[in-house]
file my_file-v7.pdb (PDB, C-alpha atoms)
ATOM      1  CA  PRO F  27       1.222  87.831   2.884
ATOM      2  CA  LYS F  28      -0.439  85.795   5.606
ATOM      3  CA  ARG F  29      -3.557  83.912   4.611
ATOM      4  CA  ARG F  30      -6.843  84.793   6.236
ATOM      5  CA  PHE F  31     -10.172  82.942   6.352
ATOM      6  CA  ALA F  32     -13.709  83.889   7.278
ATOM      7  CA  ALA F  33     -15.451  82.284  10.242
ATOM      8  CA  ILE F  34     -18.852  82.644  11.868
ATOM      9  CA  ASP F  35     -18.774  84.011  15.379
ATOM     10  CA  PRO F  36     -21.640  82.212  17.143
ATOM     11  CA  GLY F  37     -21.714  84.859  19.857
ATOM     12  CA  THR F  38     -22.314  87.754  17.451
ATOM     13  CA  SER F  39     -23.751  85.954  14.402
ATOM     14  CA  SER F  40     -21.266  88.010  12.333
ATOM     15  CA  PHE F  41     -18.192  87.275  10.256
ATOM     16  CA  ARG F  42     -14.719  88.162  11.406
ATOM     17  CA  LEU F  43     -11.267  87.448  10.073
ATOM     18  CA  HIS F  44      -8.749  85.270  11.839
ATOM     19  CA  ARG F  45      -5.103  84.808  11.134
ATOM     20  CA  HIS F  46      -3.954  81.485   9.749
ATOM     21  CA  HIS F  47      -2.667  80.306  13.106
ATOM     22  CA  ALA F  48      -6.233  80.406  14.600
ATOM     23  CA  ARG F  49      -8.208  77.147  14.809
ATOM     24  CA  PRO F  50     -11.584  76.994  12.911
ATOM     25  CA  ILE F  51     -13.401  75.602  16.012
ATOM     26  CA  HIS F  52     -16.122  78.232  15.892
ATOM     27  CA  THR F  53     -16.795  77.339  12.267
ATOM     28  CA  MET F  54     -17.323  73.633  13.057
ATOM     29  CA  LYS F  55     -19.638  74.434  15.952
ATOM     30  CA  ALA F  56     -21.682  76.776  13.827
ATOM     31  CA  VAL F  57     -22.158  74.183  11.085
ATOM     32  CA  ALA F  58     -23.223  71.569  13.631
ATOM     33  CA  LEU F  59     -25.736  73.956  15.174
ATOM     34  CA  LEU F  60     -27.082  74.815  11.743
ATOM     35  CA  LEU F  61     -27.593  71.132  10.909
ATOM     36  CA  LEU F  62     -29.471  70.557  14.138
ATOM     37  CA  ALA F  63     -31.668  73.571  13.525
ATOM     38  CA  VAL F  64     -32.804  72.796  10.003
ATOM     39  CA  GLY F  65     -32.611  68.997   9.984
ATOM     40  CA  ALA F  66     -31.502  66.760   7.148
ATOM     41  CA  ASN F  67     -34.511  67.688   5.023
ATOM     42  CA  GLY F  68     -33.423  71.311   5.079
ATOM     43  CA  PHE F  69     -30.638  70.479   2.643
ATOM     44  CA  ALA F  70     -32.813  68.281   0.405
ATOM     45  CA  PRO F  71     -34.256  69.704  -2.812
ATOM     46  CA  VAL F  72     -37.773  71.060  -2.478
ATOM     47  CA  SER F  73     -39.144  68.448  -4.861
ATOM     48  CA  THR F  74     -37.680  65.632  -2.725
ATOM     49  CA  GLN F  75     -39.220  67.053   0.428
ATOM     50  CA  PHE F  76     -42.569  67.343  -1.317
ATOM     51  CA  ARG F  77     -42.476  63.715  -2.475
ATOM     52  CA  ARG F  78     -41.666  62.519   1.043
ATOM     53  CA  ARG F  79     -44.550  64.471   2.543
ATOM     54  CA  ALA F  80     -46.922  63.223  -0.160
ATOM     55  CA  ALA F  81     -45.915  59.601   0.519
ATOM     56  CA  VAL F  82     -46.551  60.023   4.254
ATOM     57  CA  GLN F  83     -49.930  61.601   3.563
ATOM     58  CA  ARG F  84     -50.922  58.734   1.247
ATOM     59  CA  MET F  85     -49.980  56.168   3.890
ATOM     60  CA  ALA F  86     -52.098  58.007   6.438
ATOM     61  CA  THR F  87     -55.175  58.260   4.214
ATOM     62  CA  GLU F  88     -55.092  54.947   2.357
ATOM     63  CA  ALA F  89     -57.406  52.238   3.720
ATOM     64  CA  PRO F  90     -55.645  49.149   5.136
ATOM     65  CA  PRO F  91     -55.656  46.116   2.840
ATOM     66  CA  ALA F  92     -58.805  44.065   3.203
ATOM     67  CA  GLU F  93     -58.412  40.780   5.050
ATOM     68  CA  ALA F  94     -58.984  37.630   3.016
ATOM     69  CA  GLU F  95     -62.496  36.342   3.534
ATOM     70  CA  ALA F  96     -62.779  33.004   5.297
ATOM     71  CA  PRO F  97     -64.159  30.223   3.103
ATOM     72  CA  PRO F  98     -67.854  29.515   3.705
ATOM     73  CA  ALA F  99     -68.628  26.848   6.293
ATOM     74  CA  PHE F 100     -69.328  23.391   4.927
ATOM     75  CA  ASP F 101     -73.051  22.832   4.475
ATOM     76  CA  PRO F 102     -74.129  19.230   3.790
ATOM     77  CA  THR F 103     -77.640  20.364   2.900
ATOM     78  CA  SER F 104     -76.256  22.060  -0.210
ATOM     79  CA  LEU F 105     -74.959  18.793  -1.660
ATOM     80  CA  PRO F 106     -76.841  16.702  -4.207
ATOM     81  CA  ALA F 107     -78.875  13.705  -3.117
ATOM     82  CA  PRO F 108     -77.117  10.320  -3.179
ATOM     83  CA  THR F 109     -77.108   8.425  -6.429
ATOM     84  CA  PRO F 110     -78.702   4.972  -6.797
ATOM     85  CA  GLU F 111     -75.179   3.547  -6.921
ATOM     86  CA  GLU F 112     -74.412   5.091  -3.518
ATOM     87  CA  LEU F 113     -77.490   3.404  -2.038
ATOM     88  CA  LYS F 114     -76.830  -0.070  -3.415
ATOM     89  CA  SER F 115     -76.642  -2.999  -0.970
ATOM     90  CA  GLU F 116     -75.859  -6.699  -1.243
ATOM     91  CA  THR F 117     -77.549  -7.457   2.079
ATOM     92  CA  GLY F 118     -80.826  -5.666   1.391
ATOM     93  CA  TYR F 119     -79.969  -2.817   3.726
ATOM     94  CA  ASP F 120     -81.823   0.474   3.205
ATOM     95  CA  PHE F 121     -79.275   3.286   3.062
ATOM     96  CA  VAL F 122     -81.870   6.037   2.619
ATOM     97  CA  PRO F 123     -82.290   6.833   6.356
ATOM     98  CA  LEU F 124     -78.505   7.154   6.772
ATOM     99  CA  ALA F 125     -78.193   9.322   3.684
ATOM    100  CA  THR F 126     -81.103  11.513   4.828
ATOM    101  CA  ALA F 127     -79.623  12.111   8.287
ATOM    102  CA  LEU F 128     -76.167  12.895   6.911
ATOM    103  CA  ALA F 129     -77.511  15.196   4.188
ATOM    104  CA  ALA F 130     -79.396  17.125   6.894
ATOM    105  CA  GLY F 131     -76.247  17.458   9.005
ATOM    106  CA  ASP F 132     -77.816  15.360  11.786
ATOM    107  CA  TYR F 133     -74.616  13.518  12.657
ATOM    108  CA  GLN F 134     -75.938  12.156  15.957
ATOM    109  CA  GLU F 135     -78.824  10.395  14.234
ATOM    110  CA  ALA F 136     -76.486   9.231  11.467
ATOM    111  CA  ASP F 137     -74.097   7.814  14.056
ATOM    112  CA  GLN F 138     -76.813   5.666  15.629
ATOM    113  CA  ILE F 139     -78.077   4.535  12.230
ATOM    114  CA  THR F 140     -74.522   3.520  11.307
ATOM    115  CA  ARG F 141     -74.143   1.272  14.371
ATOM    116  CA  ASP F 142     -77.502  -0.342  13.644
ATOM    117  CA  GLY F 143     -76.599  -0.640   9.990
ATOM    118  CA  LEU F 144     -73.290  -2.330  10.785
ATOM    119  CA  ILE F 145     -75.231  -5.029  12.667
ATOM    120  CA  HIS F 146     -77.503  -5.551   9.673
ATOM    121  CA  ILE F 147     -74.786  -5.844   7.039
ATOM    122  CA  ALA F 148     -72.696  -8.134   9.290
ATOM    123  CA  GLY F 149     -75.185 -10.967   8.723
ATOM    124  CA  GLU F 150     -78.086 -12.869  10.230
ATOM    125  CA  SER F 151     -76.249 -13.954  13.377
ATOM    126  CA  ALA F 152     -75.319 -10.385  14.214
ATOM    127  CA  ARG F 153     -78.898  -9.247  13.601
ATOM    128  CA  ALA F 154     -80.209 -11.975  15.900
ATOM    129  CA  ARG F 155     -77.932 -11.084  18.830
ATOM    130  CA  LYS F 156     -78.062  -7.290  18.078
ATOM    131  CA  PHE F 157     -74.315  -6.743  18.042
ATOM    132  CA  VAL F 158     -71.353  -7.649  15.861
ATOM    133  CA  TYR F 159     -68.630 -10.130  16.772
ATOM    134  CA  PHE F 160     -65.238  -8.972  15.566
ATOM    135  CA  THR F 161     -64.863 -12.245  13.642
ATOM    136  CA  GLU F 162     -67.872 -11.322  11.475
ATOM    137  CA  VAL F 163     -66.445  -8.047  10.193
ATOM    138  CA  LYS F 164     -64.321  -9.594   7.431
ATOM    139  CA  ASN F 165     -67.475 -11.057   5.862
ATOM    140  CA  ILE F 166     -69.237  -7.706   5.486
ATOM    141  CA  PRO F 167     -69.662  -7.078   1.735
ATOM    142  CA  LYS F 168     -67.446  -4.353   0.305
ATOM    143  CA  THR F 169     -70.454  -2.858  -1.454
ATOM    144  CA  ASP F 170     -72.313  -2.230   1.804
ATOM    145  CA  LEU F 171     -69.396  -1.056   3.922
ATOM    146  CA  GLY F 172     -68.146   1.012   1.003
ATOM    147  CA  ASN F 173     -71.442   2.844   0.478
ATOM    148  CA  MET F 174     -71.781   3.453   4.196
ATOM    149  CA  GLU F 175     -68.336   5.061   4.095
ATOM    150  CA  ARG F 176     -68.951   7.045   0.918
ATOM    151  CA  LEU F 177     -72.024   8.655   2.447
ATOM    152  CA  TRP F 178     -70.084   9.702   5.535
ATOM    153  CA  LEU F 179     -67.228  11.114   3.479
ATOM    154  CA  LYS F 180     -69.544  12.948   1.093
ATOM    155  CA  TYR F 181     -71.691  14.641   3.734
ATOM    156  CA  SER F 182     -68.854  15.514   6.126
ATOM    157  CA  ASP F 183     -66.472  16.937   3.533
ATOM    158  CA  GLY F 184     -64.116  14.016   4.156
ATOM    159  CA  LYS F 185     -63.848  14.712   7.891
ATOM    160  CA  PHE F 186     -65.678  11.678   9.300
ATOM    161  CA  GLY F 187     -65.680   7.986   8.422
ATOM    162  CA  TYR F 188     -63.978   4.669   9.161
ATOM    163  CA  SER F 189     -61.356   5.253   6.478
ATOM    164  CA  VAL F 190     -60.477   8.610   8.048
ATOM    165  CA  GLN F 191     -60.104   6.971  11.454
ATOM    166  CA  ARG F 192     -58.033   4.175   9.956
ATOM    167  CA  LYS F 193     -55.526   6.645   8.474
ATOM    168  CA  ILE F 194     -55.121   8.270  11.891
ATOM    169  CA  TRP F 195     -54.823   4.837  13.536
ATOM    170  CA  ARG F 196     -51.952   3.927  11.225
ATOM    171  CA  THR F 197     -49.916   7.152  11.627
ATOM    172  CA  THR F 198     -46.447   6.926  13.118
ATOM    173  CA  ALA F 199     -47.620   8.947  16.114
ATOM    174  CA  ILE F 200     -50.432   6.498  16.964
ATOM    175  CA  LYS F 201     -49.229   3.121  15.620
ATOM    176  CA  GLY F 202     -52.409   1.342  16.668
ATOM    177  CA  ASP F 203     -52.292   2.535  20.280
ATOM    178  CA  PHE F 204     -55.950   2.813  21.322
ATOM    179  CA  GLU F 205     -55.378   5.401  24.059
ATOM    180  CA  LYS F 206     -53.358   7.676  21.774
ATOM    181  CA  PHE F 207     -56.006   7.181  19.100
ATOM    182  CA  CYS F 208     -58.788   8.238  21.496
ATOM    183  CA  ARG F 209     -56.880  11.376  22.456
ATOM    184  CA  LYS F 210     -56.225  12.263  18.829
ATOM    185  CA  ILE F 211     -59.853  12.026  17.708
ATOM    186  CA  ASP F 212     -61.126  13.546  20.953
ATOM    187  CA  TRP F 213     -62.856  10.494  22.420
ATOM    188  CA  ASN F 214     -61.234  11.374  25.762
ATOM    189  CA  ARG F 215     -61.800  14.358  27.989
ATOM    190  CA  ILE F 216     -60.632  15.722  31.337
ATOM    191  CA  GLY F 217     -62.876  14.671  34.202
ATOM    192  CA  GLU F 218     -64.672  16.759  36.755
ATOM    193  CA  ASP F 219     -61.601  16.991  38.988
ATOM    194  CA  GLY F 220     -59.824  18.939  36.238
ATOM    195  CA  GLU F 221     -56.922  16.491  36.113
ATOM    196  CA  THR F 222     -57.974  12.902  35.417
ATOM    197  CA  GLU F 223     -58.450  11.858  31.805
ATOM    198  CA  ARG F 224     -61.435   9.660  30.994
ATOM    199  CA  LYS F 225     -63.509   8.477  28.044
ATOM    200  CA  ARG F 226     -66.412  10.650  26.966
ATOM    201  CA  ARG F 227     -69.778   9.342  28.161
ATOM    202  CA  TRP F 228     -71.928   7.789  25.469
ATOM    203  CA  PHE F 229     -75.134   6.735  27.233
ATOM    204  CA  GLY F 230     -77.624   9.215  28.623
ATOM    205  CA  ASP F 231     -76.548  12.736  27.708
ATOM    206  CA  SER F 232     -73.788  11.970  25.221
ATOM    207  CA  GLU F 233     -70.585  13.964  25.616
ATOM    208  CA  PHE F 234     -69.480  13.352  22.044
ATOM    209  CA  ILE F 235     -69.554  16.134  19.467
ATOM    210  CA  TYR F 236     -72.020  15.711  16.628
ATOM    211  CA  SER F 237     -71.078  18.611  14.395
ATOM    212  CA  MET F 238     -68.353  19.780  12.030
ATOM    213  CA  ASP F 239     -66.694  21.377  15.052
ATOM    214  CA  ALA F 240     -65.560  17.914  16.161
ATOM    215  CA  ALA F 241     -62.030  16.668  15.626
ATOM    216  CA  ARG F 242     -61.181  14.931  12.378
ATOM    217  CA  GLY F 243     -62.199  11.268  12.668
ATOM    218  CA  HIS F 244     -64.413  11.872  15.722
ATOM    219  CA  LEU F 245     -67.326  10.050  14.050
ATOM    220  CA  PRO F 246     -68.714   7.439  13.681
ATOM    221  CA  LEU F 247     -68.433   5.969  17.157
ATOM    222  CA  THR F 248     -67.547   2.325  17.756
ATOM    223  CA  SER F 249     -68.192   0.697  21.118
ATOM    224  CA  ALA F 250     -65.147  -0.649  22.953
ATOM    225  CA  LEU F 251     -67.119  -2.043  25.890
ATOM    226  CA  ARG F 252     -66.154  -5.554  24.779
ATOM    227  CA  GLY F 253     -62.599  -4.515  23.955
ATOM    228  CA  THR F 254     -60.921  -2.997  20.915
ATOM    229  CA  SER F 255     -61.108  -6.067  18.672
ATOM    230  CA  LEU F 256     -64.149  -4.787  16.777
ATOM    231  CA  ILE F 257     -62.653  -1.459  15.736
ATOM    232  CA  LYS F 258     -59.358  -3.148  14.853
ATOM    233  CA  GLU F 259     -61.191  -5.586  12.566
ATOM    234  CA  ILE F 260     -63.110  -2.748  10.930
ATOM    235  CA  PHE F 261     -59.782  -1.059  10.154
ATOM    236  CA  ALA F 262     -58.438  -4.359   8.813
ATOM    237  CA  HIS F 263     -61.305  -4.897   6.337
ATOM    238  CA  PRO F 264     -59.997  -5.476   2.778
ATOM    239  CA  LEU F 265     -62.156  -2.617   1.483
ATOM    240  CA  TRP F 266     -59.646  -0.024   2.683
ATOM    241  CA  GLU F 267     -56.912  -1.436   0.450
ATOM    242  CA  GLU F 268     -58.753  -0.170  -2.604
ATOM    243  CA  GLU F 269     -57.284   2.928  -4.217
ATOM    244  CA  GLU F 270     -60.426   4.981  -3.586
ATOM    245  CA  PHE F 271     -59.809   4.916   0.166
ATOM    246  CA  ASN F 272     -56.026   5.191   0.038
ATOM    247  CA  LYS F 273     -55.752   8.621  -1.533
ATOM    248  CA  LYS F 274     -53.521  11.011   0.386
ATOM    249  CA  ASP F 275     -54.771  14.491   1.110
ATOM    250  CA  LYS F 276     -53.472  17.539   2.994
ATOM    251  CA  ALA F 277     -55.030  16.358   6.224
ATOM    252  CA  ASP F 278     -53.237  12.997   5.935
ATOM    253  CA  LYS F 279     -49.868  14.721   5.485
ATOM    254  CA  LYS F 280     -50.544  16.871   8.526
ATOM    255  CA  GLU F 281     -51.476  13.835  10.620
ATOM    256  CA  ARG F 282     -48.186  12.124   9.817
ATOM    257  CA  LYS F 283     -46.264  15.006  11.394
ATOM    258  CA  PHE F 284     -47.831  14.506  14.817
TER     259      PHE F 284
END
call {"tool": "encode", "arguments": {"input": "my_file-v7.pdb", "output": "structure tokens"}}
result
Amino acid sequence: PKRRFAAIDPGTSSFRLHRHHARPIHTMKAVALLLLAVGANGFAPVSTQFRRRAAVQRMATEAPPAEAEAPPAFDPTSLPAPTPEELKSETGYDFVPLATALAAGDYQEADQITRDGLIHIAGESARARKFVYFTEVKNIPKTDLGNMERLWLKYSDGKFGYSVQRKIWRTTAIKGDFEKFCRKIDWNRIGEDGETERKRRWFGDSEFIYSMDAARGHLPLTSALRGTSLIKEIFAHPLWEEEEFNKKDKADKKERKF
């Protein structure tokens, strides 16, 4: 006997028998239409469909993950007062005014006190003429220059100070180039024409930045009106060879990349 098979007639939605020589085209079309009508989930177990819907609902109702809170801004006023050791001087210099200004976050006042203090600790000749010759820098006692630096580092969270500037000065990107150095620590700015680069103005209304928003190493300022010899000699002082001022930190590693 000839074999027969059942097929769905899409035109009548009923079953009819075909002889074996007929092609099951209508059957394939019907299955395809059925799949399109019910979707893939129609053939999934009820429990699976329920779990999928529940997961979607949870995603819609769950609160987004909380963003990590930014660390609190550095506040120098929250730090302890300087110790007697941090105020010690071999030249009789009074470090209290500098420490007071820095501890209050008054970096502009501290910057001026630092320049005046550098004249004092450089010796009698410097005090008499009211500025420091570059040849006098090497004779500044380590105790005095060191405590001046420690106060800056302590009350700026390690962002400002001669030792910070020296590390930037010695990076492979700067290599002692004064112009590159000024750009890096933001001592330069674009002029009024919007194109020409110039040094920030110091006298009158200062254009320098006296806050923690300044670039790393922006303070203290050192005059280059008589050339760059003074700042170079400050960076060459033997104090900076001591281990205390040669420690590498994350900021140092970042500087070396640029």
call {"tool": "residues_near_point", "arguments": {"input": "my_file-v7.pdb", "point": "(-59.4, 3.5, 12.3)", "cutoff": "10 Å", "atoms": "all atoms listed in the file", "output": "list in words"}}
result
Gly187, Tyr188, Ser189, Val190, Gln191, Arg192, Lys193, Ile194, Trp195, Arg196, Gly202, Phe204, Phe207, Gly243, Thr248, Ile257, Lys258, Glu259, Ile260, Phe261 and Ala262 of chain F
call {"tool": "atom_distance", "arguments": {"input": "my_file-v7.pdb", "atom1": "atom CA of F:Arg226", "atom2": "atom CA of F:Asp183"}}
result
24.3 Å
call {"tool": "closest_residue", "arguments": {"input": "my_file-v7.pdb", "among": "F:Ile211, F:Ala129, F:Met174, F:Leu265", "to": "F:Leu105", "atoms": "only C-alpha atoms"}}
result
F:Ala129
call {"tool": "resolve_selection", "arguments": {"input": "my_file-v7.pdb", "expression": "the PyMOL selection byres ((chain F and resi 149) around 9)", "output": "list in words"}}
result
Thr117, Ile145, His146, Ile147, Ala148, Glu150, Ser151, Ala152, Arg153, Ala154, Val158, Glu162, Asn165 and Ile166 of chain F
call {"tool": "atom_distance", "arguments": {"input": "my_file-v7.pdb", "atom1": "atom CA of F:Tyr159", "atom2": "atom CA of F:Leu256"}}
result
7.0 Å
call {"tool": "resolve_selection", "arguments": {"input": "my_file-v7.pdb", "expression": "the PyMOL selection byres ((chain F and resi 101) around 9)", "output": "PyMOL selection string"}}
result
chain F and resi 98-100+102-105+129-131+181-183
call {"tool": "closest_residue", "arguments": {"input": "my_file-v7.pdb", "among": "F:Pro97, F:Gly230, F:Gly253, F:Gly172", "to": "F:Lys114", "atoms": "all atoms listed in the file"}}
result
F:Gly172
call {"tool": "closest_residue", "arguments": {"input": "my_file-v7.pdb", "among": "F:Trp228, F:Phe160, F:Tyr119, F:Tyr236", "to": "F:Tyr133", "atoms": "only C-alpha atoms"}}
result
F:Tyr236
call {"tool": "closest_residue", "arguments": {"input": "my_file-v7.pdb", "among": "F:Lys156, F:Pro110, F:Glu95, F:Leu251", "to": "F:Phe229", "atoms": "all atoms listed in the file"}}
result
F:Leu251
call {"tool": "atom_distance", "arguments": {"input": "my_file-v7.pdb", "atom1": "atom CA of F:Arg141", "atom2": "atom CA of F:Glu175"}}
result
12.4 Å
call {"tool": "resolve_selection", "arguments": {"input": "my_file-v7.pdb", "expression": "the PyMOL selection byres ((chain F and resi 173) around 10)", "output": "JSON, numbers by chain"}}
result
{"F": [111, 112, 113, 114, 115, 121, 125, 168, 169, 170, 171, 172, 174, 175, 176, 177, 178, 179]}
call {"tool": "closest_residue", "arguments": {"input": "my_file-v7.pdb", "among": "F:Lys185, F:Pro167, F:Lys180, F:Pro123", "to": "F:Ser237", "atoms": "only C-alpha atoms"}}
result
F:Lys185
call {"tool": "closest_residue", "arguments": {"input": "my_file-v7.pdb", "among": "F:Ala241, F:Ile139, F:Leu128, F:Ala107", "to": "F:Cys208", "atoms": "all atoms listed in the file"}}
result
F:Ala241
